[in-house]
file upload-v4.cif (mmCIF, C-alpha atoms and all ligand atoms)
data_start
loop_
_atom_site.group_PDB
_atom_site.id
_atom_site.type_symbol
_atom_site.label_atom_id
_atom_site.label_comp_id
_atom_site.auth_asym_id
_atom_site.auth_seq_id
_atom_site.Cartn_x
_atom_site.Cartn_y
_atom_site.Cartn_z
ATOM 1 C CA MET A 15 13.302 8.117 -3.897
ATOM 2 C CA ASP A 16 13.418 8.477 -0.155
ATOM 3 C CA LYS A 17 9.911 7.377 0.782
ATOM 4 C CA PRO A 18 9.592 3.672 1.600
ATOM 5 C CA PRO A 19 6.928 1.343 0.140
ATOM 6 C CA ILE A 20 3.751 0.722 2.177
ATOM 7 C CA SER A 21 4.968 -2.603 3.577
ATOM 8 C CA LEU A 22 8.436 -3.966 4.234
ATOM 9 C CA PHE A 23 6.959 -7.194 5.548
ATOM 10 C CA ILE A 24 3.469 -8.608 5.877
ATOM 11 C CA PRO A 25 1.152 -7.824 7.635
ATOM 12 C CA SER A 26 2.400 -4.328 8.429
ATOM 13 C CA TYR A 27 2.759 -0.786 7.158
ATOM 14 C CA VAL A 28 5.568 1.721 7.525
ATOM 15 C CA VAL A 29 4.635 4.432 10.030
ATOM 16 C CA GLU A 30 7.787 6.540 9.985
ATOM 17 C CA TYR A 31 11.156 6.466 8.291
ATOM 18 C CA ALA A 32 14.501 8.194 8.657
ATOM 19 C CA VAL A 33 17.540 8.713 6.496
ATOM 20 C CA VAL A 34 20.922 8.253 8.147
ATOM 21 C CA ASP A 35 22.671 11.486 7.143
ATOM 22 C CA SER A 36 25.890 13.193 8.250
ATOM 23 C CA THR A 37 24.210 14.609 11.399
ATOM 24 C CA VAL A 38 23.715 11.086 12.730
ATOM 25 C CA LYS A 39 26.400 9.185 14.583
ATOM 26 C CA TYR A 40 26.517 5.436 14.060
ATOM 27 C CA MET A 41 27.240 3.789 17.409
ATOM 28 C CA ASN A 42 28.450 0.441 16.055
ATOM 29 C CA LYS A 43 26.960 -1.687 18.811
ATOM 30 C CA LYS A 44 27.846 -4.905 16.981
ATOM 31 C CA ASN A 45 24.779 -6.770 18.180
ATOM 32 C CA LEU A 46 22.609 -6.865 15.068
ATOM 33 C CA TRP A 47 22.795 -9.917 12.915
ATOM 34 C CA ALA A 48 21.246 -10.902 9.611
ATOM 35 C CA GLY A 49 21.750 -14.649 9.615
ATOM 36 C CA ASP A 50 25.417 -14.984 10.569
ATOM 37 C CA GLU A 51 26.489 -11.623 9.133
ATOM 38 C CA LEU A 52 26.885 -8.580 11.323
ATOM 39 C CA VAL A 53 24.688 -5.687 10.164
ATOM 40 C CA GLY A 54 26.796 -2.543 9.953
ATOM 41 C CA VAL A 55 25.764 1.034 9.257
ATOM 42 C CA VAL A 56 22.716 1.319 6.990
ATOM 43 C CA PRO A 57 21.466 4.317 4.966
ATOM 44 C CA LYS A 58 17.809 4.100 5.996
ATOM 45 C CA LEU A 59 15.651 3.112 8.941
ATOM 46 C CA ALA A 60 11.926 2.409 9.045
ATOM 47 C CA ILE A 61 9.373 1.815 11.780
ATOM 48 C CA SER A 62 6.547 -0.520 10.838
ATOM 49 C CA LYS A 63 3.350 -1.335 12.678
ATOM 50 C CA ASP A 64 2.330 -4.972 12.622
ATOM 51 C CA ILE A 65 -1.437 -4.968 12.051
ATOM 52 C CA GLU A 66 -1.914 -8.354 13.720
ATOM 53 C CA THR A 67 0.043 -7.846 16.921
ATOM 54 C CA SER A 68 0.022 -3.980 16.978
ATOM 55 C CA GLU A 69 3.769 -4.130 17.696
ATOM 56 C CA PHE A 70 6.223 -1.668 16.229
ATOM 57 C CA ARG A 71 9.305 -2.961 14.483
ATOM 58 C CA LEU A 72 12.526 -1.248 13.540
ATOM 59 C CA SER A 73 13.946 -2.110 10.142
ATOM 60 C CA HIS A 74 17.540 -1.469 9.201
ATOM 61 C CA CYS A 75 17.340 -0.968 5.442
ATOM 62 C CA ASN A 76 19.577 -0.643 2.430
ATOM 63 C CA GLU A 77 19.054 2.040 -0.269
ATOM 64 C CA GLU A 78 16.262 -0.063 -1.836
ATOM 65 C CA TRP A 79 14.347 -0.288 1.453
ATOM 66 C CA GLU A 80 15.147 -3.955 1.823
ATOM 67 C CA ASP A 81 14.970 -4.872 5.467
ATOM 68 C CA LEU A 82 18.339 -6.291 6.516
ATOM 69 C CA CYS A 83 17.385 -7.122 10.075
ATOM 70 C CA ALA A 84 13.870 -6.597 11.413
ATOM 71 C CA VAL A 85 14.319 -8.273 14.744
ATOM 72 C CA GLN A 86 13.757 -5.341 17.054
ATOM 73 C CA SER A 87 10.217 -4.786 18.233
ATOM 74 C CA ALA A 88 8.423 -2.844 20.957
ATOM 75 C CA THR A 89 4.883 -2.040 22.013
ATOM 76 C CA THR A 90 5.138 1.727 21.542
ATOM 77 C CA ILE A 91 6.670 3.900 18.867
ATOM 78 C CA GLU A 92 8.579 5.862 21.537
ATOM 79 C CA GLU A 93 10.315 2.676 22.699
ATOM 80 C CA ILE A 94 11.290 1.707 19.191
ATOM 81 C CA LYS A 95 12.680 5.208 18.594
ATOM 82 C CA GLU A 96 14.791 4.850 21.739
ATOM 83 C CA ILE A 97 16.219 1.623 20.345
ATOM 84 C CA ALA A 98 16.985 3.376 17.042
ATOM 85 C CA GLU A 99 18.644 6.257 18.914
ATOM 86 C CA LYS A 100 20.949 3.791 20.669
ATOM 87 C CA HIS A 101 22.208 2.587 17.302
ATOM 88 C CA TYR A 102 22.088 5.925 15.495
ATOM 89 C CA GLN A 103 22.657 8.874 17.811
ATOM 90 C CA GLY A 104 20.783 11.928 16.537
ATOM 91 C CA ILE A 105 18.322 9.960 14.376
ATOM 92 C CA ASN A 106 15.385 11.172 16.509
ATOM 93 C CA LYS A 107 15.091 14.494 14.655
ATOM 94 C CA ASN A 108 15.072 12.743 11.253
ATOM 95 C CA TRP A 109 11.894 10.675 11.574
ATOM 96 C CA ILE A 110 9.290 11.479 8.904
ATOM 97 C CA ARG A 111 5.705 10.216 8.906
ATOM 98 C CA THR A 112 4.645 8.215 5.845
ATOM 99 C CA ASN A 113 0.885 8.788 6.299
ATOM 100 C CA TYR A 114 0.289 5.171 5.356
ATOM 101 C CA ASN A 115 -2.390 3.467 7.426
ATOM 102 C CA GLU A 116 -3.851 0.078 8.207
ATOM 103 C CA SER A 117 -6.224 0.095 5.230
ATOM 104 C CA ASP A 118 -3.278 0.658 2.865
ATOM 105 C CA ALA A 119 -1.673 -2.479 4.316
ATOM 106 C CA ILE A 120 -4.908 -4.470 4.039
ATOM 107 C CA ALA A 121 -5.450 -3.354 0.421
ATOM 108 C CA LEU A 122 -1.914 -4.457 -0.410
ATOM 109 C CA ILE A 123 -2.438 -7.868 1.190
ATOM 110 C CA GLU A 124 -5.736 -8.311 -0.688
ATOM 111 C CA ALA A 125 -4.031 -7.424 -3.978
ATOM 112 C CA GLU A 126 -1.266 -9.945 -3.293
ATOM 113 C CA LYS A 127 -3.805 -12.655 -2.409
ATOM 114 C CA GLU A 128 -5.703 -11.866 -5.605
ATOM 115 C CA ALA A 129 -2.513 -12.155 -7.649
ATOM 116 C CA VAL A 130 -1.739 -15.679 -6.423
ATOM 117 C CA LYS A 131 -5.178 -17.253 -6.231
ATOM 118 C CA CYS A 132 -6.198 -20.263 -8.321
ATOM 119 C CA SER A 133 -7.887 -19.133 -11.561
ATOM 120 C CA PHE A 134 -10.296 -22.076 -11.394
ATOM 121 C CA CYS A 135 -11.571 -22.242 -7.825
ATOM 122 C CA GLY A 136 -10.482 -18.826 -6.541
ATOM 123 C CA ARG A 137 -8.809 -20.286 -3.453
ATOM 124 C CA SER A 138 -5.676 -18.560 -2.268
ATOM 125 C CA PRO A 139 -2.628 -20.263 -0.748
ATOM 126 C CA TRP A 140 -2.776 -17.463 1.846
ATOM 127 C CA ASP A 141 -6.053 -18.760 3.217
ATOM 128 C CA GLU A 142 -5.842 -22.509 2.938
ATOM 129 C CA GLU A 143 -3.664 -25.435 1.971
ATOM 130 C CA ILE A 144 -4.161 -25.884 -1.758
ATOM 131 C CA GLY A 145 -0.954 -27.693 -2.588
ATOM 132 C CA ARG A 146 1.311 -26.865 -5.462
ATOM 133 C CA MET A 147 0.313 -24.504 -8.262
ATOM 134 C CA VAL A 148 0.819 -24.869 -11.994
ATOM 135 C CA ILE A 149 1.285 -21.430 -13.515
ATOM 136 C CA ASN A 150 1.518 -19.983 -17.004
ATOM 137 C CA GLU A 151 1.148 -16.406 -18.274
ATOM 138 C CA LYS A 152 -2.645 -16.594 -18.391
ATOM 139 C CA ALA A 153 -3.757 -18.775 -15.501
ATOM 140 C CA ARG A 154 -2.854 -20.530 -12.287
ATOM 141 C CA ILE A 155 -4.301 -23.858 -11.192
ATOM 142 C CA CYS A 156 -4.003 -25.418 -7.766
ATOM 143 C CA GLU A 157 -3.292 -29.028 -6.877
ATOM 144 C CA LEU A 158 -6.844 -29.557 -5.564
ATOM 145 C CA CYS A 159 -8.299 -28.513 -8.936
ATOM 146 C CA ILE A 160 -5.807 -30.621 -10.891
ATOM 147 C CA LYS A 161 -6.787 -33.667 -8.829
ATOM 148 C CA SER A 162 -10.515 -33.113 -9.182
ATOM 149 C CA TYR A 163 -10.329 -32.378 -12.934
ATOM 150 C CA TYR A 164 -8.066 -35.368 -13.398
ATOM 151 C CA SER A 165 -10.563 -37.729 -11.795
ATOM 152 C CA LEU A 166 -13.350 -36.144 -13.864
ATOM 153 C CA ILE A 167 -11.438 -36.888 -17.073
ATOM 154 C CA GLN A 168 -10.725 -40.459 -15.902
ATOM 155 C CA LYS A 169 -14.476 -41.062 -15.535
ATOM 156 C CA ASN A 170 -15.274 -39.865 -19.057
ATOM 157 C CA TYR A 171 -13.007 -42.270 -20.878
HETATM 158 ZN ZN ZN B 1 -8.089 -24.418 -7.581
#
call {"tool": "encode", "arguments": {"input": "upload-v4.cif", "output": "structure tokens", "more": "lines below"}}
Ligand SMILES: [Zn+2]
result
Amino acid sequence: MDKPPISLFIPSYVVEYAVVDSTVKYMNKKNLWAGDELVGVVPKLAISKDIETSEFRLSHCNEEWEDLCAVQSATTIEEIKEIAEKHYQGINKNWIRTNYNESDAIALIEAEKEAVKCSFCGRSPWDEEIGRMVINEKARICELCIKSYYSLIQKNY
């Protein structure tokens, strides 16, 4: 599967992607680091748009679309493509639009918030500080709820 997922990091969506094929020359600039490891040639590149800052970011990805080093950003897509071209000469003709948009990214974020919210009060750790969560297969309960239910039980006995 060549097409990337909607988001490689939050809050953003992938605008365009490119596969590094035999027509592309890797320039080996030796200036991209993931932690203290040098990022070498990768099979896939992706350009994401951050929906908060409106910046574009270049992701150097492995086969599974995991971002190995998303440190390069720019205000326009043309600038980010220039950066990509410096690392991968000839990549410019390989960019493909994903047709994902901002509402796809927002829907994904909402779904992720929904998946981690407290089953009792509905608060999400994305939106506010709710402490630790106790989780089983059927429900999740936040620290605030545990504390309030605990004091309720203390009163009844
Ligand atoms: Zn709760």
call {"tool": "atom_distance", "arguments": {"input": "upload-v4.cif", "atom1": "atom CA of A:Val33", "atom2": "atom CA of A:Val56"}}
result
9.0 Å
call {"tool": "closest_residue", "arguments": {"input": "upload-v4.cif", "among": "A:Cys135, A:Ile65, A:Ile94, A:Ala60", "to": "A:Glu80", "atoms": "only C-alpha atoms"}}
result
A:Ala60
call {"tool": "resolve_selection", "arguments": {"input": "upload-v4.cif", "expression": "the PyMOL selection byres (((not hetatm)) within 6 of (chain B and resi 1))", "output": "VMD selection string"}}
result
chain A and resid 132 134 to 135 137 155 to 156 158 to 159
call {"tool": "write_last_selection", "arguments": {"input": "upload-v4.cif", "atoms": "C-alpha atoms", "output": "mmCIF file, keeping the file's coordinate frame"}}
result
data_model
loop_
_atom_site.group_PDB
_atom_site.id
_atom_site.type_symbol
_atom_site.label_atom_id
_atom_site.label_comp_id
_atom_site.auth_asym_id
_atom_site.auth_seq_id
_atom_site.Cartn_x
_atom_site.Cartn_y
_atom_site.Cartn_z
ATOM 1 C CA CYS A 132 -6.198 -20.263 -8.321
ATOM 2 C CA PHE A 134 -10.296 -22.076 -11.394
ATOM 3 C CA CYS A 135 -11.571 -22.242 -7.825
ATOM 4 C CA ARG A 137 -8.809 -20.286 -3.453
ATOM 5 C CA ILE A 155 -4.301 -23.858 -11.192
ATOM 6 C CA CYS A 156 -4.003 -25.418 -7.766
ATOM 7 C CA LEU A 158 -6.844 -29.557 -5.564
ATOM 8 C CA CYS A 159 -8.299 -28.513 -8.936
#
call {"tool": "residues_around", "arguments": {"input": "upload-v4.cif", "residues": "A:Asn108", "least_positions_apart": "5", "cutoff": "10 Å", "atoms": "only C-alpha atoms", "output": "list in words"}}
result
Glu30, Tyr31, Ala32, Val33, Val34, Asp35, Thr37, Val38 and Leu59 of chain A
call {"tool": "residues_near_point", "arguments": {"input": "upload-v4.cif", "point": "(3.8, -4.0, 22.5)", "cutoff": "7 Å", "atoms": "only C-alpha atoms", "output": "PyMOL selection string"}}
result
chain A and resi 68-69+88-90
call {"tool": "write_last_selection", "arguments": {"input": "upload-v4.cif", "atoms": "C-alpha atoms", "output": "CSV table (one decimal), keeping the file's coordinate frame"}}
result
chain,number,residue,atom,x,y,z
A,68,SER,CA,0.0,-4.0,17.0
A,69,GLU,CA,3.8,-4.1,17.7
A,88,ALA,CA,8.4,-2.8,21.0
A,89,THR,CA,4.9,-2.0,22.0
A,90,THR,CA,5.1,1.7,21.5
call {"tool": "resolve_selection", "arguments": {"input": "upload-v4.cif", "expression": "the PyMOL selection byres (((chain A and resi 149-153) around 6) and not hetatm)", "output": "MDAnalysis selection string"}}
result
chainID A and resid 133 148 154
call {"tool": "residues_around", "arguments": {"input": "upload-v4.cif", "residues": "A:Ala98", "least_positions_apart": "5", "cutoff": "9 Å", "atoms": "only C-alpha atoms", "output": "PDB file with C-alpha atoms, keeping the file's coordinate frame"}}
result
ATOM      1  CA  LEU A  59      15.651   3.112   8.941  1.00  0.00           C
ATOM      2  CA  LEU A  72      12.526  -1.248  13.540  1.00  0.00           C
ATOM      3  CA  GLU A  93      10.315   2.676  22.699  1.00  0.00           C
ATOM      4  CA  GLN A 103      22.657   8.874  17.811  1.00  0.00           C
ATOM      5  CA  ILE A 105      18.322   9.960  14.376  1.00  0.00           C
ATOM      6  CA  ASN A 106      15.385  11.172  16.509  1.00  0.00           C
TER       7      ASN A 106
END
call {"tool": "atom_distance", "arguments": {"input": "upload-v4.cif", "atom1": "atom CA of A:Ser62", "atom2": "atom CA of A:Val29"}}
result
5.4 Å
call {"tool": "closest_residue", "arguments": {"input": "upload-v4.cif", "among": "A:Glu124, A:Asp81, A:Asp64, A:Asp141", "to": "A:Pro19", "atoms": "only C-alpha atoms"}}
result
A:Asp81
call {"tool": "atom_distance", "arguments": {"input": "upload-v4.cif", "atom1": "atom CA of A:Pro57", "atom2": "atom CA of A:Trp79"}}
result
9.2 Å
call {"tool": "resolve_selection", "arguments": {"input": "upload-v4.cif", "expression": "the PyMOL selection byres (((chain A and resi 126) around 12) and not hetatm)", "output": "PyMOL selection string"}}
result
chain A and resi 21+24-25+119-125+127-131+138-141
call {"tool": "closest_residue", "arguments": {"input": "upload-v4.cif", "among": "A:Gly54, A:Gly145, A:Ser165, A:Trp47", "to": "A:Tyr102", "atoms": "all atoms listed in the file"}}
result
A:Gly54
call {"tool": "closest_residue", "arguments": {"input": "upload-v4.cif", "among": "A:Ile20, A:Cys75, A:Ala48, A:Met41", "to": "A:Glu99", "atoms": "all atoms listed in the file"}}
result
A:Met41
call {"tool": "closest_residue", "arguments": {"input": "upload-v4.cif", "among": "A:Lys63, A:Arg111, A:Lys39, A:Lys44", "to": "A:Lys17", "atoms": "all atoms listed in the file"}}
result
A:Arg111
